[in-house]
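> I have a structure here, written as structure tokens, and I will follow up with some questions on it.
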There are 2 protein chains.
Amino acid sequence: MSEQEKLEQELQAVIKGISPLDEKAMEKARKRMDLLTKPQGSLGRMEDLAVQLAGITGDFFPVSTKKRVVVMASDHGVTEEGISAYPSEVTAQMVANFTGGGAAINVLGRQGEVEVVVVDVGVKVDTSLPGVKRVRVRAGTDNLRRRPAMSRSEALQAVLAGIDCAGEAVEAGVKVLATGEMGIGNTTASSAVMAALSGYETSLVVGRGTGLDDEKLLHKQEVVSGALEFHRPDPADPLGVLSLVGGLEIAALTGLIIGSVRRRIPVVVDGFISSTAALAAVKLCPLVKQYLIPSHLSAESGHALLMDYLDLKPYIYMGMRLGEGTGAVLAMHLVEAAARLTQEMATFEDANVSNKEAKKAGSETKGEEQ
Amino acid sequence: MSEQEKLEQELQAVIKGISPLDEKAMEKARKRMDLLTKPQGSLGRMEDLAVQLAGITGDFFPVSTKKRVVVMASDHGVTEEGISAYPSEVTAQMVANFTGGGAAINVLGRQGEVEVVVVDVGVKVDTSLPGVKRVRVRAGTDNLRRRPAMSRSEALQAVLAGIDCAGEAVEAGVKVLATGEMGIGNTTASSAVMAALSGYETSLVVGRGTGLDDEKLLHKQEVVSGALEFHRPDPADPLGVLSLVGGLEIAALTGLIIGSVRRRIPVVVDGFISSTAALAAVKLCPLVKQYLIPSHLSAESGHALLMDYLDLKPYIYMGMRLGEGTGAVLAMHLVEAAARLTQEMATFEDANVSNKEAKKAGSETKGEEQ
């Protein structure tokens with residue numbers, strides 16, 4: 001058996017271990033929600049989230065204590081096509097900034113008590129910084145416009161590295177994960193992956209990234225269309241898509257999501273890049289879809305469409321487009337809120353509050369709840 | 001001078017003390033934002049929020065440390081028309097639940113380190129509970145369908161009580177306030193206030209509240225239309241509207257918002273009831289509009305329209321319709337994030353990260369930012 005076949009088998013074994021949400025735990029959480037001192041259903045999507053958390057963890061009172069955001073960093077050969085407003089070196093510089101605690105994700109992590117774990121999956125220049133986990137599959141991808149971004153084995157390695165990161169988090173007692181990334185050029189790779197897997201037109205999935213002008217946006221669209229025409233990736237083969245037009249951090253995030261689902265801990269999905277990784281994960285294993293927790297709506301133009309495609313509705317609308325996991329870490333406040341409300345609110349009985357149902361006992365109609 | 005005239009003068013004196021946002025502080029915050037290690041504008045509305053916070057506080061680094069949600073509680077005589085799914089006694093029962101720490105707002109307050117202050121502005125049965133601030137203007141309003149909800153003097157007293165609550169918060173070192181409320185029947189009063197002040201059709205502003213069926217929703221609409229036909233409140237006289245078809249907690253929240261603006265501390269506006277109070281505050285003093293910080297979009301049907309009318313875009317979409325200040329307290333995480341990002345992020349220079357502008361120095365076009 002070739003090395004690549006072994007890796008494929010390893011991934012398939014993880015995917016086979018994934019099962020649907022725990023319906024019993026969900027039903028219990030739903031019932032609990034209806035006993036709490038509030039009009040039935042009045043916490044809206046917060047209640048759905050609490051039920052989903054129960055379904056993921058199988059726990060009657062899913063509480064999120066230890067939180068972690070995994071920031072996957074890598075470089076993109078396609079930057080030589082001039083598709084980003086920033087030079088490639090910024091990836092390594094930002095990794096250093098993460099270790100120094102000065103980036104947005106560090107600030108939001110401190111606020112939300114979310115540990116920031118930075119992983120070098122393939123930054124061009126070896127970061128070799130204390131505090132950076134190194135699982136360098138290769139020193140950045142090749143230029144996806146002209147050559148495969150990476151080999152299929154490399155894509156598999158990156159996905160498996162992401163799965164390992166989820167496992168390590170669970171071993172360390174982490175109860176909820178967030179996806180984050182850094183990689184100059186990665187909106188280009190993500191757009192290509194999204195277009196390949198969803199079939200959407202390039203013009204709909206390519207956006208301005210860190211801030212392109214109209215002319216460069218058009219050029220970026222041409223680069224993505226050109227890459228897709230050149231490689232003609234098979235939409236039914238997500239790993240092929242990741243290797244031909246993806247990125248190392250995107251593949252690693254795909255793995256992180258699959259790994260979280262396999263280990264049954266909630267994973268909060270950040271913006272455009274992370275959602276593309278989630279799309280690849282869903283294509284690899286459709287059950288993943290039930291587990292995904294959205295966070296914010298990114299200002300990157302393809303994100304709204306991608307959320308629709310995944311049937312996810314973001315919780316936070318701040319118009320951010322920074323990545324790093326910033327939106328996901330903000331949404332962790334909502335995840336924690338859902339868990340706490342389930343656990344800490346008084347029931348009608350506890351608090352001696354008259355319930356609508358009690359009042360209506362004996363009446364013939366129960367009324368349609370909003 | 002009559003008692004009522006004195007109260008009017010007192011309110012007018014507070015309103016006269018309100019000035020526009022501090023443009024210099026805003027400009028400084030904007031400049032600071034552009035130095036931070038992120039693509040320009042990539043924090044989106046988070047940056048606008050940081051700039052607004054600077055404009056409110058006049059502070060270069062607006063930081064929110066001590067936080068408080070003020071939950072105004074009162075009863076509504078209009079409940080005798082059968083417009084709520086819950087009996088009037090629930091108001092007092094929920095006030096007791098607040099003091100016991102078992103309500104949703106208590107849970108979210110503990111999570112966000114937001115102090116919950118409960119104010120009895122006119123619960124039907126005197127709550128007299130330790131931990132409840134009592135400024136009882138009257139024991140619930142009269143039935144607004146058939147009589148004025150309260151006198152103009154009483155509306156003024158409630159507004160001034162709210163202003164005092166903002167002042168007390170500032171004295172206690174609170175740096176950011178959230179609006180909250182509890183009052184069975186208060187979506188009916190709020191709908192009437194909104195319709196009277198905005199001119200929108202009753203059918204657009206009346207919703208299901210805590211969970212009415214279709215038949216009762218229609219009845220609630222008739223109660224609101226009937227009240228408006230009966231009183232014909234003058235849309236140019238917000239105090240008149242509050243006294244004829246409003247509620248004590250709505251008037252008190254109007255005061256809380258005006259008081260916060262006067263004292264220049266940010267106030268985060270919760271859902272439908274709170275936004276109606278914000279509408280009344282804006283009608284009393286249009287400058288208030290610049291200061292308003294939205295929170296979530298309520299599932300109560302009139303809220304989206306009211307947000308549009310106030311030109312506010314909510315940050316959080318959880319489909320909640322519980323009130324109590326729950327949405328506002330969740331949004332305080334975002335307010336704190338905006339403040340922390342401004343203060344704690346590294347600049348490009350600090351972190352030795354190559355900036356786009358630096359890269360482009362000397363180039364002719366600077367490109368259009370998204």
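Residues in the structure tokens are numbered from 1 in each chain, the chains being A, B, ... in the order shown, and ligands are numbered from 1 in the order shown.
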On all C-alpha atoms matched in order, how well does chain B superpose onto chain A? Give the RMSD in Å.

0.0 Å

> Excluding His231 (chain B) and any residue of its chain fewer than 6 positions from it, enumerate the residues within 9 Å of it, using only C-alpha atoms, and give them as JSON, numbers by chain.

{"B": [144, 145, 146, 147, 148, 244, 245]}

> For N, CA and C atoms, I'd like the residues from the last selection saved as a tab-separated table (two decimals), in the first residue's frame.


```
chain	number	residue	atom	x	y	z
B	144	LEU	N	-54.98	51.60	28.89
B	144	LEU	CA	-54.78	52.61	27.84
B	144	LEU	C	-55.81	52.53	26.72
B	145	ARG	N	-56.52	51.43	26.64
B	145	ARG	CA	-57.55	51.30	25.61
B	145	ARG	C	-58.71	52.24	25.90
B	146	ARG	N	-58.96	52.51	27.20
B	146	ARG	CA	-60.16	53.26	27.59
B	146	ARG	C	-59.86	54.57	28.31
B	147	ARG	N	-58.67	54.66	28.90
B	147	ARG	CA	-58.29	55.87	29.64
B	147	ARG	C	-56.80	56.14	29.40
B	148	PRO	N	-56.32	57.34	29.71
B	148	PRO	CA	-54.87	57.57	29.60
B	148	PRO	C	-54.13	56.58	30.50
B	244	LEU	N	-50.36	58.84	27.37
B	244	LEU	CA	-51.65	58.33	26.91
B	244	LEU	C	-51.63	56.83	26.64
B	245	VAL	N	-50.61	56.36	25.92
B	245	VAL	CA	-50.61	54.95	25.49
B	245	VAL	C	-49.32	54.20	25.87
```

> Which one of B:Glu27, B:Glu168, B:Glu336, B:Asp142 sits closest to chain A if you count only C-alpha atoms?

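Residue with the minimum atom-to-atom distance to chain A: B:Glu336.
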
> Need the shell around region 207-217 of chain A: protein/DNA/RNA residues with any atom at most 9 Å away, counting only C-alpha atoms. Skip same-chain ones fewer than 4 positions apart. Format as a count of residues only?

30

> Step one, run DSSP on the backbone; step two, keep only residues of region 186-360 of chain A assigned to strand (DSSP E or B); then write them as a PyMOL selection string.

chain A and resi 267-268+292-293+296+316+347

> Please give the complete set of residues from region 60-301 of chain B that DSSP, run on the backbone, assigns to alpha helix (DSSP H), formatted as a PyMOL selection string.

chain B and resi 89-100+104-112+152-171+186-198+202-205+214-231+238-245+248-262+272-284+288-291

> Enter the distance from CA of Ala50 (chain A) to CA of Val63 (chain A), in Å, rounded to one decimal.

9.7 Å
